[in-house]
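Content type CSV, C-alpha atoms, from the file query.csv:
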chain,number,residue,atom,x,y,z
A,148,MET,CA,-1.5,-127.3,-86.3
A,149,ASN,CA,-4.6,-125.3,-85.5
A,150,SER,CA,-3.2,-121.8,-85.6
A,151,GLY,CA,-1.1,-119.6,-87.8
A,152,ILE,CA,-1.1,-119.5,-91.6
A,153,SER,CA,-1.1,-122.1,-94.4
A,154,ALA,CA,0.0,-121.3,-97.9
A,155,VAL,CA,-1.6,-123.3,-100.7
A,156,VAL,CA,-0.2,-123.4,-104.2
A,157,ILE,CA,-1.8,-125.3,-107.1
A,158,THR,CA,0.6,-126.6,-109.8
A,159,LYS,CA,0.9,-128.2,-113.2
A,160,ASN,CA,4.3,-128.5,-114.8
A,161,GLU,CA,5.7,-125.5,-113.0
A,162,GLU,CA,9.3,-126.5,-112.4
A,163,LYS,CA,10.6,-123.2,-113.7
A,164,ASN,CA,8.6,-121.2,-111.2
A,165,ILE,CA,7.9,-123.2,-108.1
A,166,ALA,CA,11.2,-122.8,-106.3
A,167,ARG,CA,10.9,-119.0,-106.5
A,168,CYS,CA,7.3,-119.1,-105.4
A,169,LEU,CA,7.9,-121.3,-102.4
A,170,GLY,CA,11.0,-119.4,-101.4
A,171,SER,CA,8.7,-116.4,-100.8
A,172,LEU,CA,6.5,-118.5,-98.5
A,173,ARG,CA,9.0,-119.9,-96.0
A,174,TRP,CA,7.6,-117.6,-93.3
A,175,CYS,CA,4.3,-119.5,-93.4
A,176,ASP,CA,3.6,-122.1,-90.8
A,177,GLU,CA,2.7,-124.6,-93.5
A,178,ILE,CA,3.2,-124.8,-97.3
A,179,ILE,CA,0.9,-127.1,-99.3
A,180,VAL,CA,1.2,-127.9,-103.0
A,181,ILE,CA,-1.7,-129.4,-104.8
A,182,ASP,CA,-0.2,-130.8,-108.0
A,183,ASP,CA,-2.2,-131.8,-111.1
A,184,ASN,CA,-0.1,-134.8,-112.2
A,185,SER,CA,2.9,-132.8,-113.4
A,186,THR,CA,5.3,-134.6,-115.7
A,187,ASP,CA,8.3,-132.4,-115.0
A,188,LYS,CA,10.3,-131.9,-111.8
A,189,THR,CA,7.6,-129.7,-110.1
A,190,VAL,CA,6.8,-132.3,-107.3
A,191,ASP,CA,10.5,-133.0,-106.4
A,192,THR,CA,11.3,-129.3,-106.4
A,193,ALA,CA,8.4,-128.5,-104.2
A,194,LYS,CA,9.3,-131.2,-101.7
A,195,ARG,CA,13.0,-129.9,-101.6
A,196,ASN,CA,11.6,-126.5,-100.8
A,197,GLY,CA,9.7,-127.6,-97.8
A,198,ALA,CA,6.2,-128.1,-99.2
A,199,THR,CA,3.8,-131.0,-98.4
A,200,VAL,CA,2.7,-132.2,-101.8
A,201,TYR,CA,-0.7,-133.8,-102.7
A,202,ILE,CA,-1.3,-135.2,-106.2
A,203,HIS,CA,-4.8,-134.5,-107.2
A,204,ASP,CA,-6.4,-134.5,-110.7
A,205,SER,CA,-8.0,-131.1,-111.3
A,206,ARG,CA,-10.3,-132.3,-114.1
A,207,SER,CA,-9.9,-128.8,-115.5
A,208,ASP,CA,-11.8,-127.4,-112.5
A,209,PHE,CA,-9.6,-125.0,-110.6
A,210,SER,CA,-12.2,-124.3,-107.9
A,211,GLN,CA,-12.3,-127.9,-106.8
A,212,GLN,CA,-8.5,-128.0,-106.8
A,213,ARG,CA,-8.3,-125.0,-104.5
A,214,ASN,CA,-11.1,-126.4,-102.3
A,215,PHE,CA,-9.1,-129.6,-102.1
A,216,GLY,CA,-6.2,-127.5,-100.8
A,217,LEU,CA,-8.5,-125.8,-98.3
A,218,GLY,CA,-9.4,-129.2,-96.9
A,219,LYS,CA,-5.7,-130.2,-96.5
A,220,ALA,CA,-4.6,-127.0,-94.9
A,221,ASN,CA,-4.4,-126.8,-91.1
A,222,GLY,CA,-4.0,-123.1,-90.4
A,223,ASN,CA,-6.6,-120.7,-89.2
A,224,TRP,CA,-5.7,-118.5,-92.1
A,225,ILE,CA,-5.2,-119.6,-95.7
A,226,LEU,CA,-3.1,-117.8,-98.3
A,227,PHE,CA,-3.5,-118.9,-101.9
A,228,VAL,CA,-0.5,-118.1,-104.2
A,229,ASP,CA,-0.1,-119.2,-107.8
A,230,SER,CA,3.2,-120.8,-108.8
A,231,ASP,CA,4.2,-117.8,-111.0
A,232,GLU,CA,3.6,-115.3,-108.1
A,233,ILE,CA,5.7,-114.4,-105.1
A,234,VAL,CA,4.9,-112.7,-101.8
A,235,SER,CA,6.9,-109.5,-101.4
A,236,LEU,CA,8.7,-108.9,-98.1
A,237,SER,CA,6.5,-106.0,-97.3
A,238,LEU,CA,3.3,-108.1,-97.9
A,239,GLN,CA,4.7,-110.8,-95.7
A,240,TYR,CA,5.2,-108.4,-92.8
A,241,GLU,CA,1.7,-106.9,-93.3
A,242,ILE,CA,0.0,-110.3,-93.3
A,243,THR,CA,1.9,-111.6,-90.2
A,244,ASN,CA,1.0,-108.4,-88.3
A,245,LEU,CA,-2.7,-108.6,-89.3
A,246,ILE,CA,-3.3,-112.3,-88.5
A,247,SER,CA,-1.5,-112.0,-85.1
A,248,ASP,CA,-3.8,-109.1,-84.1
A,249,GLN,CA,-6.5,-110.6,-82.0
A,250,PHE,CA,-8.7,-107.5,-82.6
A,251,ASN,CA,-8.5,-108.0,-86.4
A,252,PRO,CA,-12.2,-107.6,-87.5
A,253,PHE,CA,-11.8,-109.1,-91.0
A,254,ASP,CA,-12.5,-112.6,-92.3
A,255,GLY,CA,-10.7,-112.1,-95.6
A,256,PHE,CA,-8.4,-109.7,-97.5
A,257,LEU,CA,-8.1,-108.5,-101.1
A,258,ILE,CA,-4.5,-108.3,-102.3
A,259,LYS,CA,-3.3,-106.1,-105.1
A,260,ARG,CA,-1.4,-108.1,-107.8
A,261,ILE,CA,1.3,-106.4,-109.9
A,262,ASP,CA,2.2,-108.1,-113.2
A,263,GLU,CA,5.8,-107.9,-114.4
A,264,MET,CA,6.3,-108.8,-118.0
A,265,TRP,CA,9.6,-108.8,-119.9
A,266,GLY,CA,11.4,-106.8,-117.3
A,267,LYS,CA,8.8,-104.1,-116.5
A,268,LYS,CA,5.9,-103.8,-114.2
A,269,LEU,CA,2.5,-103.1,-115.9
A,270,GLN,CA,0.7,-100.2,-114.4
A,271,TYR,CA,-2.3,-99.9,-116.7
A,272,GLY,CA,-4.7,-102.0,-118.8
A,273,GLU,CA,-6.8,-104.9,-117.5
A,274,THR,CA,-4.2,-106.0,-115.0
A,275,GLY,CA,-3.0,-102.6,-113.9
A,276,ASN,CA,-5.2,-102.3,-110.8
A,277,ILE,CA,-6.4,-105.8,-109.9
A,278,PHE,CA,-7.2,-106.9,-106.4
A,279,LEU,CA,-7.8,-110.6,-105.7
A,280,LEU,CA,-9.2,-112.3,-102.6
A,281,ARG,CA,-6.4,-114.6,-101.7
A,282,LEU,CA,-6.2,-114.5,-97.8
A,283,ALA,CA,-9.0,-115.6,-95.6
A,284,LYS,CA,-9.9,-117.6,-92.6
A,285,LYS,CA,-10.0,-121.3,-93.3
A,286,ASN,CA,-13.8,-121.8,-92.8
A,287,ALA,CA,-14.9,-118.5,-94.2
A,288,GLY,CA,-15.9,-119.8,-97.6
A,289,LYS,CA,-15.3,-121.9,-100.7
A,290,TRP,CA,-14.0,-121.4,-104.2
A,291,ALA,CA,-16.5,-121.3,-107.1
A,292,GLY,CA,-16.2,-121.3,-110.9
A,293,LYS,CA,-14.2,-123.8,-113.0
A,294,VAL,CA,-12.2,-121.0,-114.7
A,295,HIS,CA,-11.5,-117.5,-113.4
A,296,GLU,CA,-12.5,-118.9,-110.1
A,297,THR,CA,-13.3,-116.7,-107.1
A,298,TRP,CA,-13.2,-117.3,-103.3
A,299,GLU,CA,-16.7,-116.7,-102.0
A,300,VAL,CA,-15.8,-115.6,-98.5
A,301,LYS,CA,-18.6,-114.7,-96.0
A,302,GLY,CA,-17.9,-111.9,-93.6
A,303,LYS,CA,-16.0,-108.6,-93.5
A,304,ILE,CA,-13.4,-108.2,-96.3
A,305,GLY,CA,-10.4,-105.8,-95.9
A,306,LYS,CA,-7.8,-104.6,-98.4
A,307,LEU,CA,-4.1,-105.0,-97.9
A,308,GLN,CA,-1.6,-102.2,-98.8
A,309,ASN,CA,1.2,-104.3,-100.1
A,310,SER,CA,1.4,-106.3,-103.3
A,311,LEU,CA,1.6,-109.8,-104.6
A,312,LEU,CA,4.1,-109.9,-107.5
A,313,HIS,CA,3.1,-111.9,-110.7
A,314,PHE,CA,5.5,-113.0,-113.4
A,315,PRO,CA,3.3,-114.5,-116.2
A,316,HIS,CA,4.2,-115.4,-119.7
A,317,PRO,CA,8.1,-115.3,-120.0
A,318,LYS,CA,7.7,-115.6,-123.7
A,319,VAL,CA,4.9,-114.6,-126.2
A,320,ALA,CA,4.6,-118.3,-127.1
A,321,ASP,CA,3.8,-119.1,-123.5
A,322,PHE,CA,1.2,-116.3,-123.5
A,323,LEU,CA,-0.4,-117.8,-126.7
A,324,GLN,CA,-0.4,-121.3,-125.2
A,325,LYS,CA,-2.2,-120.1,-122.1
A,326,VAL,CA,-4.7,-118.0,-124.0
A,327,ASN,CA,-5.6,-121.1,-126.1
A,328,TYR,CA,-5.9,-123.3,-123.1
A,329,TYR,CA,-8.0,-121.1,-120.9
A,330,SER,CA,-10.2,-120.0,-123.7
A,331,SER,CA,-11.1,-123.7,-124.3
A,332,LEU,CA,-11.9,-124.2,-120.6
A,333,ARG,CA,-14.0,-121.0,-120.5
A,334,ALA,CA,-15.9,-121.9,-123.7
A,335,MET,CA,-16.8,-125.3,-122.3
A,336,GLU,CA,-17.9,-123.8,-119.0
A,337,LEU,CA,-20.3,-121.4,-120.9
A,338,TYR,CA,-21.5,-124.3,-123.1
A,339,GLU,CA,-22.4,-126.3,-120.0
A,340,LYS,CA,-24.4,-123.3,-118.8
A,341,LYS,CA,-26.2,-123.3,-122.2
A,342,VAL,CA,-24.9,-119.9,-123.1
A,343,LYS,CA,-25.4,-118.9,-126.8
A,344,VAL,CA,-23.3,-116.7,-128.9
A,345,SER,CA,-24.0,-114.8,-132.1
A,346,ALA,CA,-21.7,-113.9,-135.1
A,347,TRP,CA,-21.8,-110.2,-134.1
A,348,GLN,CA,-20.6,-111.0,-130.6
A,349,ILE,CA,-17.7,-113.0,-132.1
A,350,VAL,CA,-16.8,-109.9,-134.2
A,351,PHE,CA,-17.5,-107.0,-131.9
A,352,TYR,CA,-16.8,-108.1,-128.4
A,353,PRO,CA,-13.1,-108.7,-128.9
A,354,LYS,CA,-12.8,-105.3,-130.6
A,355,ALA,CA,-14.6,-103.6,-127.6
A,356,LYS,CA,-12.3,-105.5,-125.2
A,357,PHE,CA,-9.3,-104.1,-127.0
A,358,ILE,CA,-10.6,-100.6,-127.0
A,359,TYR,CA,-11.5,-100.9,-123.3
A,360,ASN,CA,-8.1,-102.2,-122.2
A,361,TYR,CA,-5.9,-100.2,-124.5
A,362,PHE,CA,-7.6,-96.8,-124.4
A,363,PHE,CA,-10.1,-96.6,-121.5
A,364,LYS,CA,-7.8,-98.5,-119.1
A,365,LEU,CA,-4.8,-96.6,-120.5
A,366,GLY,CA,-2.9,-99.7,-121.6
A,367,PHE,CA,-1.0,-97.6,-124.2
A,368,LEU,CA,0.9,-96.0,-121.3
A,369,ASP,CA,2.6,-99.4,-120.8
A,370,GLY,CA,4.2,-99.1,-124.2
A,371,ALA,CA,4.6,-102.2,-126.4
A,372,ARG,CA,3.9,-104.5,-123.5
A,373,GLY,CA,0.5,-102.8,-123.0
A,374,LEU,CA,-0.3,-103.3,-126.7
A,375,ILE,CA,0.7,-107.0,-126.6
A,376,VAL,CA,-1.5,-107.6,-123.5
A,377,ALA,CA,-4.5,-105.8,-124.9
A,378,LEU,CA,-4.2,-107.7,-128.2
A,379,MET,CA,-3.8,-111.0,-126.4
A,380,MET,CA,-6.8,-110.4,-124.1
A,381,SER,CA,-8.9,-109.4,-127.2
A,382,PHE,CA,-7.8,-112.6,-128.9
A,383,HIS,CA,-8.8,-114.6,-125.8
A,384,SER,CA,-12.3,-113.1,-126.1
A,385,PHE,CA,-12.4,-114.0,-129.8
A,386,LEU,CA,-11.3,-117.6,-129.1
A,387,VAL,CA,-13.9,-118.1,-126.2
A,388,ARG,CA,-16.8,-117.0,-128.4
A,389,SER,CA,-15.6,-118.8,-131.5
A,390,LYS,CA,-15.1,-122.1,-129.6
A,391,LEU,CA,-18.4,-121.6,-127.9
A,392,TRP,CA,-20.1,-121.1,-131.3
A,393,VAL,CA,-18.5,-124.4,-132.6
A,394,LEU,CA,-19.7,-126.3,-129.5
A,395,ASN,CA,-23.2,-125.0,-129.8
A,396,ASN,CA,-23.5,-125.6,-133.5
A,397,HIS,CA,-21.8,-129.0,-133.8
A,398,GLU,CA,-23.4,-130.9,-131.0
Go ahead and express the file in the form of structure tokens.
Amino acid sequence: MNSGISAVVITKNEEKNIARCLGSLRWCDEIIVIDDNSTDKTVDTAKRNGATVYIHDSRSDFSQQRNFGLGKANGNWILFVDSDEIVSLSLQYEITNLISDQFNPFDGFLIKRIDEMWGKKLQYGETGNIFLLRLAKKNAGKWAGKVHETWEVKGKIGKLQNSLLHFPHPKVADFLQKVNYYSSLRAMELYEKKVKVSAWQIVFYPKAKFIYNYFFKLGFLDGARGLIVALMMSFHSFLVRSKLWVLNNHE
């Protein structure tokens, strides 16, 4: 296959989400799952839903995992979707129309992602107006950054009108688990870059992060959900800097 679109999904113990995700990708010419040694039924579920599955150890480096997926994909266009996301029907139509247009001048596209938490879509705060570069030509660029990775695509970048739907953190406990996990990865990434942190940064940066998300980004308009998200993201900032301080001072 040297034409069309390949969808790439990276997974790790996502049996609760993967069927819904892959169900929204059946229109793609190829669906590839790069699995990080799941111990649940993720792999079997992915195969039953039409995906080609590759087992690949991420080594806590999400960019290399996505780049591995790029290497396995055969389409001219690659769409990256996380296992807790789905492609809306309107986004599907928009993508298929664009990539079939031979006069399409773009090499990649930003896609708006809408978070839905506990039965309601979030419209404000840190995630209220986020666009992610998730669709691009296969050879347009590579992913960079171990955590909070970005697709560094060369060429002209467009912006799609329709949205990717995101269903993170079904429970607060899941949210806390991910905050703890990703803050450890981020702290280690900064440590390897020899970044230093001071006590005042540990204290004041999380406070500033909360004020920014909850007040300046209008997170309070999302009600209790907005408050929880703002507090969690502030806690993430606190954990990153605290863990970084420990790494730097207990070598």
Legend entry - Given all atoms listed in the file as the counted atoms, nearest of A:Lys285, A:Lys343, A:Lys354, A:Lys159 to Val393 (chain A):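 Answer, going by the shortest atom-to-atom distance: A:Lys343.
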Legend entry - Nearest candidate to Gly170 (chain A) (options A:Trp298, A:Ala154, A:Trp265, A:Gly288; using all atoms listed in the file):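 Of A:Trp298, A:Ala154, A:Trp265, A:Gly288, the one nearest Gly170 (chain A), counting all atoms listed in the file, is A:Ala154.
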Inset, instruction - Rounded to one decimal place, report the CA of Ser235 (chain A)-CA of Glu162 (chain A) distance in Å. - result: 20.4 Å
Legend entry - Interatomic distance (Å, one decimal) between CA of His203 (chain A) and CA of Lys325 (chain A):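 CA of Lys325 (chain A) lies 20.9 Å from CA of His203 (chain A).
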Each region 286-311 of chain A residue no farther than 9 Å from region 212-222 of chain A, nearest pair in Å, all atoms listed in the file, as a Markdown table:
| residue | atom | partner | partner_atom | distance |
| --- | --- | --- | --- | --- |
| A:Asn286 | CA | A:Leu217 | CA | 8.6 |
| A:Lys289 | CA | A:Asn214 | CA | 6.4 |
| A:Trp290 | CA | A:Asn214 | CA | 6.1 |
| A:Ala291 | CA | A:Asn214 | CA | 8.8 |
Legend entry - Two-atom distance - CA of Met379 (chain A), CA of Ile358 (chain A) (Å):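 Between these atoms lies a distance of 12.4 Å.
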Inset, instruction - Would you please work out which residue, of A:Val387, A:Val319, A:Val228, A:Ile304, is nearest to Glu336 (chain A) when using only C-alpha atoms? - result: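 Ranking A:Val387, A:Val319, A:Val228, A:Ile304 by distance to Glu336 (chain A), first place goes to A:Val387.
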Inset, instruction - Kindly extract all protein, DNA and RNA residues lying within 12 Å of the coordinates (7.8, -112.0, -90.8) given in the file, considering only C-alpha atoms, and supply them as a list in words. - result: Ile152, Ser171, Leu172, Arg173, Trp174, Cys175, Asp176, Val234, Ser235, Leu236, Ser237, Leu238, Gln239, Tyr240, Glu241, Ile242, Thr243, Asn244, Leu245, Ile246 and Ser247 of chain A
Legend entry - Using all atoms listed in the file: which of A:Arg372, A:Arg206, A:Lys163, A:His313 has the shortest distance to Lys259 (chain A): A:His313
Legend entry - Polymer residues at most 8 Å from Ala377 (chain A), only C-alpha atoms, same-chain spacing of 5 or more positions, as a PyMOL selection string: chain A and resi 272-273+356-357+360-361+366
Inset, instruction - Considering all atoms listed in the file, state which residue in the set A:Ser389, A:Gln308, A:Asn251, A:Ser153 is at the smallest distance from Phe278 (chain A). - result: A:Gln308
Inset, instruction - Go through A:Lys267, A:Lys364, A:His397, A:Arg388 and flag the residue nearest Leu332 (chain A), using only C-alpha atoms for the distances. - result: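 Using only C-alpha atoms, the shortest distance to Leu332 (chain A) belongs to A:Arg388.
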Since the input has fewer atoms than a full residue there, write region 356-367 of chain A out with all heavy atoms, as a JSON list (two decimals), in the coordinates of the input.
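And here is the file that came out, selection07.json:
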[["chain", "number", "residue", "atom", "x", "y", "z"],
["A", 356, "LYS", "N", -13.26, -105.17, -126.30],
["A", 356, "LYS", "CA", -12.30, -105.50, -125.20],
["A", 356, "LYS", "C", -10.99, -104.85, -125.44],
["A", 356, "LYS", "O", -10.38, -104.34, -124.49],
["A", 356, "LYS", "CB", -12.15, -107.06, -125.21],
["A", 356, "LYS", "CG", -11.33, -107.59, -124.06],
["A", 356, "LYS", "CD", -12.10, -107.53, -122.75],
["A", 356, "LYS", "CE", -11.36, -108.20, -121.60],
["A", 356, "LYS", "NZ", -11.33, -109.66, -121.72],
["A", 357, "PHE", "N", -10.52, -104.82, -126.67],
["A", 357, "PHE", "CA", -9.30, -104.10, -127.00],
["A", 357, "PHE", "C", -9.34, -102.65, -126.69],
["A", 357, "PHE", "O", -8.46, -102.07, -126.04],
["A", 357, "PHE", "CB", -8.83, -104.37, -128.42],
["A", 357, "PHE", "CG", -7.60, -103.61, -128.79],
["A", 357, "PHE", "CD1", -6.34, -104.10, -128.47],
["A", 357, "PHE", "CD2", -7.68, -102.39, -129.45],
["A", 357, "PHE", "CE1", -5.19, -103.40, -128.78],
["A", 357, "PHE", "CE2", -6.53, -101.67, -129.77],
["A", 357, "PHE", "CZ", -5.29, -102.18, -129.44],
["A", 358, "ILE", "N", -10.40, -102.02, -127.16],
["A", 358, "ILE", "CA", -10.60, -100.60, -127.00],
["A", 358, "ILE", "C", -10.64, -100.25, -125.48],
["A", 358, "ILE", "O", -10.04, -99.28, -125.01],
["A", 358, "ILE", "CB", -11.85, -100.09, -127.70],
["A", 358, "ILE", "CG1", -11.63, -100.19, -129.21],
["A", 358, "ILE", "CG2", -12.20, -98.66, -127.29],
["A", 358, "ILE", "CD1", -12.90, -99.96, -130.02],
["A", 359, "TYR", "N", -11.35, -101.07, -124.74],
["A", 359, "TYR", "CA", -11.50, -100.90, -123.30],
["A", 359, "TYR", "C", -10.13, -100.94, -122.59],
["A", 359, "TYR", "O", -9.77, -100.05, -121.81],
["A", 359, "TYR", "CB", -12.45, -101.89, -122.71],
["A", 359, "TYR", "CG", -12.57, -101.83, -121.19],
["A", 359, "TYR", "CD1", -13.29, -100.80, -120.58],
["A", 359, "TYR", "CD2", -11.97, -102.79, -120.39],
["A", 359, "TYR", "CE1", -13.40, -100.73, -119.20],
["A", 359, "TYR", "CE2", -12.08, -102.74, -119.01],
["A", 359, "TYR", "CZ", -12.78, -101.70, -118.42],
["A", 359, "TYR", "OH", -12.88, -101.64, -117.05],
["A", 360, "ASN", "N", -9.38, -102.01, -122.88],
["A", 360, "ASN", "CA", -8.10, -102.20, -122.20],
["A", 360, "ASN", "C", -7.03, -101.21, -122.66],
["A", 360, "ASN", "O", -6.27, -100.68, -121.83],
["A", 360, "ASN", "CB", -7.57, -103.63, -122.45],
["A", 360, "ASN", "CG", -8.22, -104.64, -121.53],
["A", 360, "ASN", "OD1", -8.44, -104.36, -120.36],
["A", 360, "ASN", "ND2", -8.51, -105.82, -122.04],
["A", 361, "TYR", "N", -6.96, -100.98, -123.94],
["A", 361, "TYR", "CA", -5.90, -100.20, -124.50],
["A", 361, "TYR", "C", -6.08, -98.67, -124.33],
["A", 361, "TYR", "O", -5.14, -97.92, -124.07],
["A", 361, "TYR", "CB", -5.63, -100.52, -125.94],
["A", 361, "TYR", "CG", -4.31, -100.00, -126.48],
["A", 361, "TYR", "CD1", -3.11, -100.47, -125.96],
["A", 361, "TYR", "CD2", -4.27, -99.05, -127.49],
["A", 361, "TYR", "CE1", -1.90, -100.00, -126.43],
["A", 361, "TYR", "CE2", -3.06, -98.59, -127.99],
["A", 361, "TYR", "CZ", -1.88, -99.07, -127.45],
["A", 361, "TYR", "OH", -0.68, -98.59, -127.93],
["A", 362, "PHE", "N", -7.34, -98.24, -124.46],
["A", 362, "PHE", "CA", -7.60, -96.80, -124.40],
["A", 362, "PHE", "C", -8.26, -96.39, -123.06],
["A", 362, "PHE", "O", -7.71, -95.56, -122.33],
["A", 362, "PHE", "CB", -8.51, -96.38, -125.57],
["A", 362, "PHE", "CG", -7.81, -96.52, -126.89],
["A", 362, "PHE", "CD1", -8.13, -97.57, -127.75],
["A", 362, "PHE", "CD2", -6.82, -95.63, -127.27],
["A", 362, "PHE", "CE1", -7.49, -97.71, -128.97],
["A", 362, "PHE", "CE2", -6.17, -95.76, -128.50],
["A", 362, "PHE", "CZ", -6.50, -96.80, -129.35],
["A", 363, "PHE", "N", -9.40, -96.98, -122.71],
["A", 363, "PHE", "CA", -10.10, -96.60, -121.50],
["A", 363, "PHE", "C", -9.30, -96.94, -120.23],
["A", 363, "PHE", "O", -9.30, -96.20, -119.25],
["A", 363, "PHE", "CB", -11.49, -97.19, -121.43],
["A", 363, "PHE", "CG", -12.46, -96.55, -122.38],
["A", 363, "PHE", "CD1", -12.63, -97.06, -123.67],
["A", 363, "PHE", "CD2", -13.20, -95.43, -122.02],
["A", 363, "PHE", "CE1", -13.51, -96.47, -124.56],
["A", 363, "PHE", "CE2", -14.08, -94.83, -122.89],
["A", 363, "PHE", "CZ", -14.24, -95.35, -124.17],
["A", 364, "LYS", "N", -8.62, -98.10, -120.24],
["A", 364, "LYS", "CA", -7.80, -98.50, -119.10],
["A", 364, "LYS", "C", -6.35, -98.08, -119.27],
["A", 364, "LYS", "O", -5.48, -98.48, -118.49],
["A", 364, "LYS", "CB", -7.87, -100.04, -118.93],
["A", 364, "LYS", "CG", -9.26, -100.57, -118.60],
["A", 364, "LYS", "CD", -9.70, -100.19, -117.20],
["A", 364, "LYS", "CE", -8.97, -100.95, -116.14],
["A", 364, "LYS", "NZ", -9.48, -100.68, -114.77],
["A", 365, "LEU", "N", -6.09, -97.25, -120.29],
["A", 365, "LEU", "CA", -4.80, -96.60, -120.50],
["A", 365, "LEU", "C", -3.64, -97.60, -120.72],
["A", 365, "LEU", "O", -2.48, -97.33, -120.38],
["A", 365, "LEU", "CB", -4.44, -95.70, -119.30],
["A", 365, "LEU", "CG", -5.48, -94.64, -118.93],
["A", 365, "LEU", "CD1", -5.01, -93.84, -117.72],
["A", 365, "LEU", "CD2", -5.77, -93.73, -120.10],
["A", 366, "GLY", "N", -3.95, -98.74, -121.32],
["A", 366, "GLY", "CA", -2.90, -99.70, -121.60],
["A", 366, "GLY", "C", -1.79, -99.20, -122.45],
["A", 366, "GLY", "O", -0.65, -99.67, -122.35],
["A", 367, "PHE", "N", -2.07, -98.21, -123.29],
["A", 367, "PHE", "CA", -1.00, -97.60, -124.20],
["A", 367, "PHE", "C", 0.10, -97.01, -123.39],
["A", 367, "PHE", "O", 1.22, -96.87, -123.90],
["A", 367, "PHE", "CB", -1.66, -96.64, -125.14],
["A", 367, "PHE", "CG", -2.25, -95.42, -124.48],
["A", 367, "PHE", "CD1", -1.48, -94.29, -124.24],
["A", 367, "PHE", "CD2", -3.59, -95.40, -124.11],
["A", 367, "PHE", "CE1", -2.02, -93.16, -123.63],
["A", 367, "PHE", "CE2", -4.13, -94.29, -123.50],
["A", 367, "PHE", "CZ", -3.35, -93.16, -123.25]]
